[in-house]
$ cat structure.csv   # CSV, N, CA, C and O atoms
chain,number,residue,atom,x,y,z
A,239,LEU,N,97.8,115.1,107.8
A,239,LEU,CA,98.9,114.6,107.0
A,239,LEU,C,99.1,115.5,105.8
A,239,LEU,O,98.5,115.3,104.8
A,240,VAL,N,100.0,116.4,105.9
A,240,VAL,CA,100.3,117.4,104.9
A,240,VAL,C,100.8,116.7,103.6
A,240,VAL,O,100.5,117.1,102.5
A,241,LEU,N,101.6,115.6,103.7
A,241,LEU,CA,102.1,114.9,102.5
A,241,LEU,C,101.0,114.4,101.6
A,241,LEU,O,101.3,114.2,100.4
A,242,VAL,N,99.9,114.1,102.1
A,242,VAL,CA,98.8,113.5,101.3
A,242,VAL,C,98.5,114.4,100.1
A,242,VAL,O,98.2,113.8,99.0
A,243,GLU,N,98.5,115.7,100.2
A,243,GLU,CA,98.2,116.5,99.0
A,243,GLU,C,99.2,116.3,97.9
A,243,GLU,O,98.8,116.5,96.7
A,244,TYR,N,100.3,115.7,98.1
A,244,TYR,CA,101.3,115.5,97.0
A,244,TYR,C,101.1,114.1,96.4
A,244,TYR,O,101.8,113.7,95.5
A,245,LEU,N,100.1,113.4,96.9
A,245,LEU,CA,99.7,112.1,96.3
A,245,LEU,C,98.6,112.3,95.2
A,245,LEU,O,98.3,111.3,94.5
A,246,GLU,N,98.1,113.5,95.1
A,246,GLU,CA,97.0,113.7,94.1
A,246,GLU,C,97.4,113.4,92.7
A,246,GLU,O,98.6,113.6,92.3
A,247,LYS,N,96.5,112.9,91.9
A,247,LYS,CA,96.7,112.6,90.5
A,247,LYS,C,97.1,113.9,89.8
A,247,LYS,O,96.6,115.0,90.1
A,248,GLY,N,98.1,113.8,89.0
A,248,GLY,CA,98.6,114.9,88.3
A,248,GLY,C,99.8,115.6,88.9
A,248,GLY,O,100.5,116.4,88.3
A,249,ALA,N,100.1,115.2,90.2
A,249,ALA,CA,101.3,115.8,90.8
A,249,ALA,C,102.6,115.2,90.1
A,249,ALA,O,102.5,114.1,89.5
A,250,LEU,N,103.6,115.9,90.2
A,250,LEU,CA,104.9,115.4,89.6
A,250,LEU,C,105.3,114.1,90.2
A,250,LEU,O,105.1,113.9,91.4
A,251,HIS,N,105.9,113.3,89.4
A,251,HIS,CA,106.5,112.0,89.9
A,251,HIS,C,107.3,112.1,91.1
A,251,HIS,O,107.2,111.4,92.1
A,252,ASP,N,108.2,113.1,91.1
A,252,ASP,CA,109.1,113.3,92.3
A,252,ASP,C,108.3,113.7,93.5
A,252,ASP,O,108.7,113.3,94.6
A,253,LEU,N,107.2,114.5,93.4
A,253,LEU,CA,106.4,114.8,94.5
A,253,LEU,C,105.7,113.6,95.0
A,253,LEU,O,105.6,113.4,96.3
A,254,HIS,N,105.2,112.7,94.1
A,254,HIS,CA,104.6,111.5,94.5
A,254,HIS,C,105.6,110.6,95.3
A,254,HIS,O,105.3,110.1,96.4
A,255,MET,N,106.8,110.5,94.8
A,255,MET,CA,107.9,109.7,95.4
A,255,MET,C,108.2,110.2,96.9
A,255,MET,O,108.3,109.5,97.8
A,256,GLY,N,108.3,111.5,97.0
A,256,GLY,CA,108.6,112.1,98.3
A,256,GLY,C,107.4,111.9,99.3
A,256,GLY,O,107.7,111.6,100.5
A,257,ALA,N,106.2,112.0,98.8
A,257,ALA,CA,105.0,111.8,99.6
A,257,ALA,C,104.9,110.3,100.1
A,257,ALA,O,104.7,110.1,101.3
A,258,VAL,N,105.1,109.4,99.1
A,258,VAL,CA,105.0,108.0,99.5
A,258,VAL,C,106.1,107.6,100.5
A,258,VAL,O,105.9,107.0,101.5
A,259,SER,N,107.3,108.1,100.2
A,259,SER,CA,108.5,107.8,101.1
A,259,SER,C,108.2,108.4,102.5
A,259,SER,O,108.5,107.7,103.5
A,260,GLY,N,107.8,109.6,102.5
A,260,GLY,CA,107.6,110.3,103.8
A,260,GLY,C,106.5,109.6,104.6
A,260,GLY,O,106.6,109.4,105.8
A,261,LEU,N,105.4,109.3,103.9
A,261,LEU,CA,104.2,108.7,104.6
A,261,LEU,C,104.6,107.3,105.1
A,261,LEU,O,104.0,106.8,106.1
A,262,SER,N,105.5,106.6,104.5
A,262,SER,CA,105.9,105.3,104.9
A,262,SER,C,106.5,105.3,106.3
A,262,SER,O,106.4,104.3,107.0
A,263,ASP,N,107.0,106.4,106.8
A,263,ASP,CA,107.6,106.6,108.1
A,263,ASP,C,106.6,107.1,109.1
A,263,ASP,O,106.9,107.2,110.3
A,264,VAL,N,105.4,107.5,108.7
A,264,VAL,CA,104.4,108.1,109.6
A,264,VAL,C,103.6,107.0,110.2
A,264,VAL,O,103.1,106.1,109.6
A,265,GLN,N,103.5,107.1,111.5
A,265,GLN,CA,102.7,106.1,112.3
A,265,GLN,C,101.3,106.6,112.4
A,265,GLN,O,101.0,107.2,113.4
A,266,SER,N,100.5,106.3,111.4
A,266,SER,CA,99.1,106.7,111.5
A,266,SER,C,98.3,105.7,110.7
A,266,SER,O,98.7,105.2,109.6
A,267,PRO,N,97.1,105.3,111.2
A,267,PRO,CA,96.3,104.4,110.5
A,267,PRO,C,95.8,104.9,109.1
A,267,PRO,O,95.4,104.1,108.3
A,268,GLU,N,95.8,106.2,109.0
A,268,GLU,CA,95.4,106.8,107.7
A,268,GLU,C,96.3,106.6,106.6
A,268,GLU,O,96.0,106.7,105.4
A,269,VAL,N,97.6,106.3,106.8
A,269,VAL,CA,98.6,106.1,105.8
A,269,VAL,C,98.2,105.1,104.8
A,269,VAL,O,98.2,105.4,103.6
A,270,ALA,N,97.8,103.9,105.2
A,270,ALA,CA,97.4,102.9,104.3
A,270,ALA,C,96.3,103.3,103.4
A,270,ALA,O,96.3,103.1,102.2
A,271,GLU,N,95.3,103.9,103.9
A,271,GLU,CA,94.1,104.4,103.2
A,271,GLU,C,94.6,105.4,102.0
A,271,GLU,O,94.2,105.2,100.9
A,272,HIS,N,95.5,106.3,102.3
A,272,HIS,CA,95.9,107.2,101.4
A,272,HIS,C,96.8,106.6,100.3
A,272,HIS,O,96.7,106.9,99.1
A,273,LEU,N,97.7,105.7,100.7
A,273,LEU,CA,98.6,105.0,99.7
A,273,LEU,C,97.7,104.1,98.8
A,273,LEU,O,98.0,104.1,97.6
A,274,ILE,N,96.8,103.5,99.3
A,274,ILE,CA,95.9,102.6,98.5
A,274,ILE,C,95.1,103.5,97.5
A,274,ILE,O,95.0,103.1,96.3
A,275,ALA,N,94.5,104.6,98.0
A,275,ALA,CA,93.7,105.4,97.1
A,275,ALA,C,94.6,106.0,96.0
A,275,ALA,O,94.1,106.2,94.9
A,276,ALA,N,95.8,106.3,96.2
A,276,ALA,CA,96.7,106.9,95.2
A,276,ALA,C,97.3,105.9,94.3
A,276,ALA,O,97.8,106.2,93.2
A,277,PHE,N,97.3,104.6,94.7
A,277,PHE,CA,98.0,103.6,94.0
A,277,PHE,C,97.8,103.6,92.5
A,277,PHE,O,98.7,103.4,91.7
A,278,VAL,N,96.5,103.8,92.1
A,278,VAL,CA,96.2,103.7,90.7
A,278,VAL,C,96.9,104.7,89.8
A,278,VAL,O,97.2,104.4,88.6
A,279,HIS,N,97.3,105.8,90.3
A,279,HIS,CA,97.9,106.8,89.4
A,279,HIS,C,99.4,107.0,89.8
A,279,HIS,O,100.0,107.9,89.3
A,280,LEU,N,100.0,106.1,90.6
A,280,LEU,CA,101.4,106.2,90.8
A,280,LEU,C,102.2,105.5,89.7
A,280,LEU,O,101.7,104.6,89.1
A,281,SER,N,103.4,105.9,89.5
A,281,SER,CA,104.3,105.3,88.6
A,281,SER,C,104.7,103.9,89.1
A,281,SER,O,104.5,103.6,90.3
A,282,ASP,N,105.2,103.1,88.3
A,282,ASP,CA,105.7,101.7,88.7
A,282,ASP,C,106.7,101.8,89.9
A,282,ASP,O,106.6,101.1,90.9
A,283,HIS,N,107.6,102.8,89.8
A,283,HIS,CA,108.6,102.9,90.8
A,283,HIS,C,108.0,103.3,92.2
A,283,HIS,O,108.3,102.8,93.2
A,284,ASN,N,107.0,104.3,92.1
A,284,ASN,CA,106.4,104.7,93.3
A,284,ASN,C,105.4,103.7,93.9
A,284,ASN,O,105.2,103.6,95.1
A,285,ARG,N,104.9,102.8,93.0
A,285,ARG,CA,104.1,101.7,93.5
A,285,ARG,C,104.9,100.8,94.3
A,285,ARG,O,104.5,100.2,95.3
A,286,ARG,N,106.2,100.5,93.8
A,286,ARG,CA,107.1,99.6,94.6
A,286,ARG,C,107.3,100.2,96.0
A,286,ARG,O,107.3,99.5,97.0
A,287,ILE,N,107.5,101.5,96.1
A,287,ILE,CA,107.7,102.2,97.4
A,287,ILE,C,106.4,102.1,98.2
A,287,ILE,O,106.5,101.8,99.4
A,288,ALA,N,105.3,102.3,97.6
A,288,ALA,CA,104.0,102.2,98.3
A,288,ALA,C,103.8,100.8,98.9
A,288,ALA,O,103.3,100.6,100.0
A,289,ILE,N,104.0,99.8,98.1
A,289,ILE,CA,103.8,98.4,98.5
A,289,ILE,C,104.8,98.1,99.7
A,289,ILE,O,104.4,97.5,100.7
A,290,ALA,N,106.0,98.5,99.6
A,290,ALA,CA,107.0,98.3,100.7
A,290,ALA,C,106.4,99.0,102.0
A,290,ALA,O,106.5,98.4,103.1
A,291,ALA,N,105.9,100.2,101.8
A,291,ALA,CA,105.3,100.9,103.0
A,291,ALA,C,104.1,100.1,103.5
A,291,ALA,O,103.9,100.0,104.8
A,292,LEU,N,103.3,99.5,102.7
A,292,LEU,CA,102.1,98.8,103.1
A,292,LEU,C,102.5,97.5,103.8
A,292,LEU,O,101.7,96.9,104.6
A,293,LEU,N,103.7,97.0,103.5
A,293,LEU,CA,104.1,95.7,104.1
A,293,LEU,C,104.9,95.9,105.4
A,293,LEU,O,105.3,95.0,106.0
A,294,ARG,N,105.0,97.2,105.8
A,294,ARG,CA,105.8,97.5,107.0
A,294,ARG,C,105.2,97.2,108.3
A,294,ARG,O,105.9,96.9,109.3
A,295,THR,N,103.9,97.3,108.4
A,295,THR,CA,103.2,97.0,109.7
A,295,THR,C,102.0,96.1,109.5
A,295,THR,O,101.5,95.9,108.4
A,296,GLU,N,101.6,95.5,110.6
A,296,GLU,CA,100.5,94.5,110.5
A,296,GLU,C,99.2,95.2,110.0
A,296,GLU,O,98.5,94.6,109.2
A,297,ASP,N,98.9,96.4,110.6
A,297,ASP,CA,97.7,97.1,110.1
A,297,ASP,C,97.7,97.4,108.6
A,297,ASP,O,96.7,97.2,107.9
A,298,ARG,N,98.9,97.9,108.2
A,298,ARG,CA,99.0,98.2,106.8
A,298,ARG,C,98.9,97.0,105.9
A,298,ARG,O,98.3,97.0,104.8
A,299,THR,N,99.5,95.9,106.4
A,299,THR,CA,99.4,94.6,105.6
A,299,THR,C,98.0,94.2,105.5
A,299,THR,O,97.6,93.7,104.4
A,300,GLN,N,97.2,94.3,106.5
A,300,GLN,CA,95.8,93.9,106.5
A,300,GLN,C,95.1,94.8,105.5
A,300,GLN,O,94.2,94.3,104.7
A,301,ALA,N,95.4,96.1,105.5
A,301,ALA,CA,94.8,97.0,104.5
A,301,ALA,C,95.1,96.7,103.1
A,301,ALA,O,94.3,96.7,102.2
A,302,LEU,N,96.4,96.3,102.9
A,302,LEU,CA,96.9,95.9,101.6
A,302,LEU,C,96.1,94.6,101.1
A,302,LEU,O,95.6,94.5,100.0
A,303,GLN,N,96.0,93.6,102.0
A,303,GLN,CA,95.2,92.4,101.7
A,303,GLN,C,93.8,92.8,101.3
A,303,GLN,O,93.2,92.2,100.3
A,304,ALA,N,93.1,93.6,102.1
A,304,ALA,CA,91.8,94.0,101.8
A,304,ALA,C,91.7,94.7,100.4
A,304,ALA,O,90.7,94.6,99.6
A,305,ALA,N,92.7,95.6,100.1
A,305,ALA,CA,92.7,96.3,98.8
A,305,ALA,C,92.9,95.3,97.7
A,305,ALA,O,92.3,95.5,96.6
A,306,ILE,N,93.6,94.3,97.8
A,306,ILE,CA,93.8,93.3,96.8
A,306,ILE,C,92.5,92.5,96.6
A,306,ILE,O,92.0,92.3,95.5
A,307,GLU,N,91.9,92.2,97.7
A,307,GLU,CA,90.6,91.4,97.6
A,307,GLU,C,89.5,92.2,97.0
A,307,GLU,O,88.7,91.7,96.3
A,308,SER,N,89.5,93.5,97.2
A,308,SER,CA,88.5,94.4,96.6
A,308,SER,C,88.8,94.8,95.2
A,308,SER,O,87.9,95.4,94.5
A,309,GLY,N,90.0,94.6,94.8
A,309,GLY,CA,90.4,95.0,93.4
A,309,GLY,C,91.0,96.4,93.3
A,309,GLY,O,91.4,96.8,92.3
A,310,ALA,N,91.1,97.1,94.5
A,310,ALA,CA,91.7,98.4,94.5
A,310,ALA,C,93.2,98.4,94.1
A,310,ALA,O,93.7,99.3,93.5
A,311,ILE,N,93.9,97.3,94.4
A,311,ILE,CA,95.2,97.0,94.0
A,311,ILE,C,95.3,95.7,93.4
A,311,ILE,O,94.9,94.7,94.0
A,312,PRO,N,95.7,95.6,92.1
A,312,PRO,CA,95.7,94.3,91.5
A,312,PRO,C,96.8,93.4,92.1
A,312,PRO,O,97.9,93.8,92.5
A,313,SER,N,96.5,92.1,92.3
A,313,SER,CA,97.4,91.2,92.9
A,313,SER,C,98.7,91.0,92.1
A,313,SER,O,99.7,90.8,92.7
A,314,ASP,N,98.6,91.2,90.8
A,314,ASP,CA,99.9,91.1,90.0
A,314,ASP,C,100.7,92.4,90.1
A,314,ASP,O,101.8,92.4,89.6
A,315,ALA,N,100.3,93.3,90.9
A,315,ALA,CA,101.2,94.5,91.2
A,315,ALA,C,102.3,94.2,92.2
A,315,ALA,O,103.3,94.9,92.3
A,316,LEU,N,102.1,93.0,92.9
A,316,LEU,CA,103.1,92.6,93.9
A,316,LEU,C,104.0,91.6,93.2
A,316,LEU,O,103.6,90.8,92.4
A,317,THR,N,105.3,91.7,93.6
A,317,THR,CA,106.3,90.7,93.1
A,317,THR,C,106.0,89.4,93.9
A,317,THR,O,105.3,89.4,94.9
A,318,PRO,N,106.6,88.3,93.4
A,318,PRO,CA,106.4,87.0,94.1
A,318,PRO,C,106.9,87.1,95.6
A,318,PRO,O,106.3,86.6,96.5
A,319,GLU,N,108.0,87.8,95.8
A,319,GLU,CA,108.5,88.0,97.1
A,319,GLU,C,107.5,88.8,98.0
A,319,GLU,O,107.3,88.5,99.2
A,320,GLU,N,106.9,89.8,97.5
A,320,GLU,CA,105.9,90.6,98.2
A,320,GLU,C,104.7,89.8,98.5
A,320,GLU,O,104.2,89.9,99.6
A,321,ARG,N,104.3,89.0,97.6
A,321,ARG,CA,103.1,88.1,97.8
A,321,ARG,C,103.4,87.1,98.9
A,321,ARG,O,102.6,86.8,99.8
A,322,ASP,N,104.7,86.6,99.0
A,322,ASP,CA,105.1,85.7,100.0
A,322,ASP,C,105.1,86.4,101.4
A,322,ASP,O,104.6,85.8,102.4
A,323,ARG,N,105.6,87.6,101.4
A,323,ARG,CA,105.6,88.4,102.7
A,323,ARG,C,104.1,88.6,103.1
A,323,ARG,O,103.8,88.5,104.3
A,324,LEU,N,103.3,88.9,102.2
A,324,LEU,CA,101.9,89.2,102.5
A,324,LEU,C,101.2,87.9,103.1
A,324,LEU,O,100.5,88.0,104.1
A,325,ALA,N,101.5,86.8,102.5
A,325,ALA,CA,100.9,85.5,102.9
A,325,ALA,C,101.4,85.1,104.3
A,325,ALA,O,100.8,84.4,105.0
A,326,SER,N,102.7,85.5,104.6
A,326,SER,CA,103.3,85.0,105.8
A,326,SER,C,102.8,85.9,107.0
A,326,SER,O,103.2,85.5,108.2
A,327,ARG,N,102.1,86.9,106.8
A,327,ARG,CA,101.7,87.8,107.9
A,327,ARG,C,100.4,87.2,108.6
A,327,ARG,O,99.5,86.8,108.1
$ encode --input "structure.csv" --output "structure tokens"
Amino acid sequence: LVLVEYLEKGALHDLHMGAVSGLSDVQSPEVAEHLIAAFVHLSDHNRRIAIAALLRTEDRTQALQAAIESGAIPSDALTPEERDRLASR
């Protein structure tokens, strides 16, 4: 996944955005892992895109739930609507 290199800490905001957006369309189990790992250093806007990407498929939703439970992604990073979507899966 070439886009993953643009998720690295210190990359420009626009590169993060392109990588997160691009990865959201990639059908690979690795996508969730990379988005979760990068979450801590993404801007608020890019976090919104990452959460939307993580809510797109059942596998990613499970990874998001696990990340919240482990503390890798704070539960308050999700909007009430996103929390509802997560709970309904």
$ closest_atom_pairs --input "structure.csv" --of "segment 284-326 of chain A" --to "segment 242-262 of chain A" --cutoff "10 Å" --atoms "only C-alpha atoms" --output "Markdown table"
| residue | atom | partner | partner_atom | distance |
| --- | --- | --- | --- | --- |
| A:Asn284 | CA | A:Met255 | CA | 5.6 |
| A:Arg285 | CA | A:Val258 | CA | 8.7 |
| A:Arg286 | CA | A:Val258 | CA | 9.9 |
| A:Ile287 | CA | A:Val258 | CA | 6.7 |
| A:Ala288 | CA | A:Val258 | CA | 6.0 |
| A:Ile289 | CA | A:Ser262 | CA | 9.6 |
| A:Ala290 | CA | A:Ser262 | CA | 8.2 |
| A:Ala291 | CA | A:Ser262 | CA | 4.8 |
| A:Leu292 | CA | A:Ser262 | CA | 7.7 |
| A:Leu293 | CA | A:Ser262 | CA | 9.8 |
| A:Arg294 | CA | A:Ser262 | CA | 8.1 |
| A:Thr295 | CA | A:Ser262 | CA | 10.0 |
$ closest_residue --input "structure.csv" --among "A:Ala276, A:Thr299, A:Glu307, A:Pro267" --to "Leu324 of chain A" --atoms "all atoms listed in the file"
A:Thr299
$ atom_distance --input "structure.csv" --atom1 "atom C of Asp263 of chain A" --atom2 "atom O of Ser308 of chain A"
26.5 Å
$ atom_distance --input "structure.csv" --atom1 "atom C of Ile306 of chain A" --atom2 "atom O of Leu239 of chain A"
25.0 Å
$ atom_distance --input "structure.csv" --atom1 "atom CA of Ser281 of chain A" --atom2 "atom N of Ser326 of chain A"
25.5 Å
$ closest_residue --input "structure.csv" --among "A:Leu241, A:Ala270, A:Val278, A:Val264" --to "Glu296 of chain A" --atoms "only C-alpha atoms"
A:Ala270
$ select_by_dssp --input "structure.csv" --residues "chain A" --states "alpha helix (DSSP H)" --output "PyMOL selection string"
chain A and resi 251-262+268-276+282-292+296-308+318-326
